[in-house]
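A quick write-up on the structure given underneath.
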Amino acid sequence: MTDEPRDIDCMEVLDRLYEYLDGELTPVRAAEVQRHLDVCAPCFRLSGFESAYVRFLEARTRAQRAPPALRKRILEQMLMEGSSPELL
Amino acid sequence: MPESDTRRQTFEAEALPHLDTVYRVALRLAGDESRAEDLVQETMLRAFKSWHQYTRGTNARAWLLTILRHTFINQYRKAKRAAPEVDVHRIEPYTVFHEVQETDPEGAFFDRIVDDQVLRAIDTLPHEFRETLILSDVEGLAYAEIAEVTEVPVGTVKSRLFRARQALQRLLYDYAVEMGYIQRREP
């Protein structure tokens, strides 16, 4: 019954935009957003801007890695915790 | 094979690959490297001790992040973080797009902002908004996974993420204006 795509307005697109960009909408709800973006220039431009922003956040925040010394300490900790006494 | 060796092998195979994720989230929660390392070490030790409670092949990342979060809340949150927190409710939840649509509609100014500055801005968000944003945008968790880890409904994740992203966008825009990367639109 609610599975048919319907026309949605700019406010609804704004409300759903991040879910749309994050791939969190059902195919029908995503199709509604897509259909609106196809015909509405301001929303299409906004969508491009927000999409660039989210991609920028991902690109700028994922470089850090756990320090090798920390990884080593955790492995040692597991050995201490998990081994029988004669192996220590 | 002794039970302890099996435990270590499965832990190494399923839990340790998520160490970078646990570390990055811990950094943003704890606020500095030294406390983050302690937090990660404590988290991984607790996870290893409780490994029998983890169901093989399920979501080890969400499982570890839940332990991290509980460890943080229990031990670290009482200590004051140094970074000042932004009041997200005072930030208008309107996209910066409206101010830059004539000068920079594609958001090219973002690209001039370096990693450190982005991370520093994230650190000024209030805890629950910062946590939601890093799980989503830094670690790429789905809304349902974030809801599981942070123990709130998916609708709350959605609204927190919306406000966090808009608040952060505003902070980064103000910074870009201050640095001269973009001209503020005349009112």
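By order of appearance in the structure tokens: chains A, B, ..., then residues from 1 within every chain, and ligands from 1 in the order shown.
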(request) Starting from chain A, keep only residues with some atom at most 12 Å from an atom of chain B, counting only C-alpha atoms, and report them as JSON, numbers by chain. (result) {"A": [11, 14, 15, 16, 17, 18, 19, 20, 21, 22, 23, 24, 25, 41, 42, 43, 44, 45, 46, 47, 48, 49, 50, 51, 52, 53, 54, 55, 56, 57, 58, 59, 60, 61, 62, 63, 64, 65, 66, 67, 68, 69, 70, 71, 72, 73, 74, 75, 76, 77, 78, 79, 80, 81, 82, 83, 84, 85, 87]}
Would you save the residues of that selection, restricted to C-alpha atoms, as a tab-separated table (two decimals), in the first residue's frame?
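Once everything was written out, this is again_34.tsv:
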```tsv
chain	number	residue	atom	x	y	z
A	11	MET	CA	11.23	19.84	2.67
A	14	LEU	CA	15.92	17.90	2.93
A	15	ASP	CA	14.69	15.72	5.79
A	16	ARG	CA	15.77	12.51	4.05
A	17	LEU	CA	18.88	13.73	2.28
A	18	TYR	CA	21.51	12.27	4.61
A	19	GLU	CA	19.66	8.95	4.79
A	20	TYR	CA	19.60	8.99	1.00
A	21	LEU	CA	23.31	9.76	0.73
A	22	ASP	CA	24.13	7.17	3.42
A	23	GLY	CA	22.20	4.44	1.58
A	24	GLU	CA	19.80	4.07	4.50
A	25	LEU	CA	16.51	4.44	2.60
A	41	ALA	CA	17.67	22.18	-9.63
A	42	PRO	CA	18.11	23.75	-6.14
A	43	CYS	CA	17.75	20.37	-4.37
A	44	PHE	CA	20.06	18.75	-6.92
A	45	ARG	CA	22.72	21.34	-6.19
A	46	LEU	CA	22.24	21.04	-2.44
A	47	SER	CA	22.53	17.28	-2.72
A	48	GLY	CA	25.84	17.65	-4.59
A	49	PHE	CA	27.17	19.98	-1.89
A	50	GLU	CA	26.15	17.71	1.02
A	51	SER	CA	27.50	14.67	-0.77
A	52	ALA	CA	30.86	16.42	-1.24
A	53	TYR	CA	30.83	17.39	2.44
A	54	VAL	CA	30.23	13.84	3.67
A	55	ARG	CA	32.92	12.45	1.36
A	56	PHE	CA	35.30	15.15	2.61
A	57	LEU	CA	34.63	14.14	6.23
A	58	GLU	CA	35.42	10.52	5.44
A	59	ALA	CA	38.60	11.42	3.57
A	60	ARG	CA	39.90	13.66	6.35
A	61	THR	CA	39.28	11.41	9.34
A	62	ARG	CA	40.23	7.83	8.45
A	63	ALA	CA	44.01	8.05	8.25
A	64	GLN	CA	44.90	7.32	11.87
A	65	ARG	CA	46.08	3.83	12.78
A	66	ALA	CA	46.68	2.18	16.13
A	67	PRO	CA	50.37	2.66	17.04
A	68	PRO	CA	52.46	-0.53	16.56
A	69	ALA	CA	53.60	-0.36	20.21
A	70	LEU	CA	49.98	-0.47	21.35
A	71	ARG	CA	49.25	-3.48	19.14
A	72	LYS	CA	52.31	-5.21	20.61
A	73	ARG	CA	51.21	-4.48	24.19
A	74	ILE	CA	47.77	-5.93	23.47
A	75	LEU	CA	49.26	-9.11	22.02
A	76	GLU	CA	51.52	-9.46	25.06
A	77	GLN	CA	48.56	-8.84	27.33
A	78	MET	CA	46.66	-11.65	25.61
A	79	LEU	CA	49.58	-14.02	26.09
A	80	MET	CA	49.75	-13.19	29.80
A	81	GLU	CA	46.03	-13.60	30.15
A	82	GLY	CA	45.53	-16.67	27.99
A	83	SER	CA	48.52	-18.95	28.45
A	84	SER	CA	49.00	-21.67	30.97
A	85	PRO	CA	51.71	-20.88	33.57
A	87	LEU	CA	54.36	-21.25	28.86
```
(message) Going by DSSP on the backbone, which residues of range 135-168 of chain B come out as alpha helix (DSSP H)? List them as a PyMOL selection string.
(response) chain B and resi 143-150+154-168
(message) Could you check the closest approach to Glu151 in chain B for each of B:Thr66, B:Thr58, B:Gln75, B:Thr103 and tell me which residue wins, using only C-alpha atoms?
(response)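 Ranked by minimum distance to Glu151 in chain B, first place goes to B:Thr66.
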(request) Find the distance between CA of Ile146 in chain B and CA of Gln9 in chain B and write it in Å to one decimal. (result) 27.5 Å
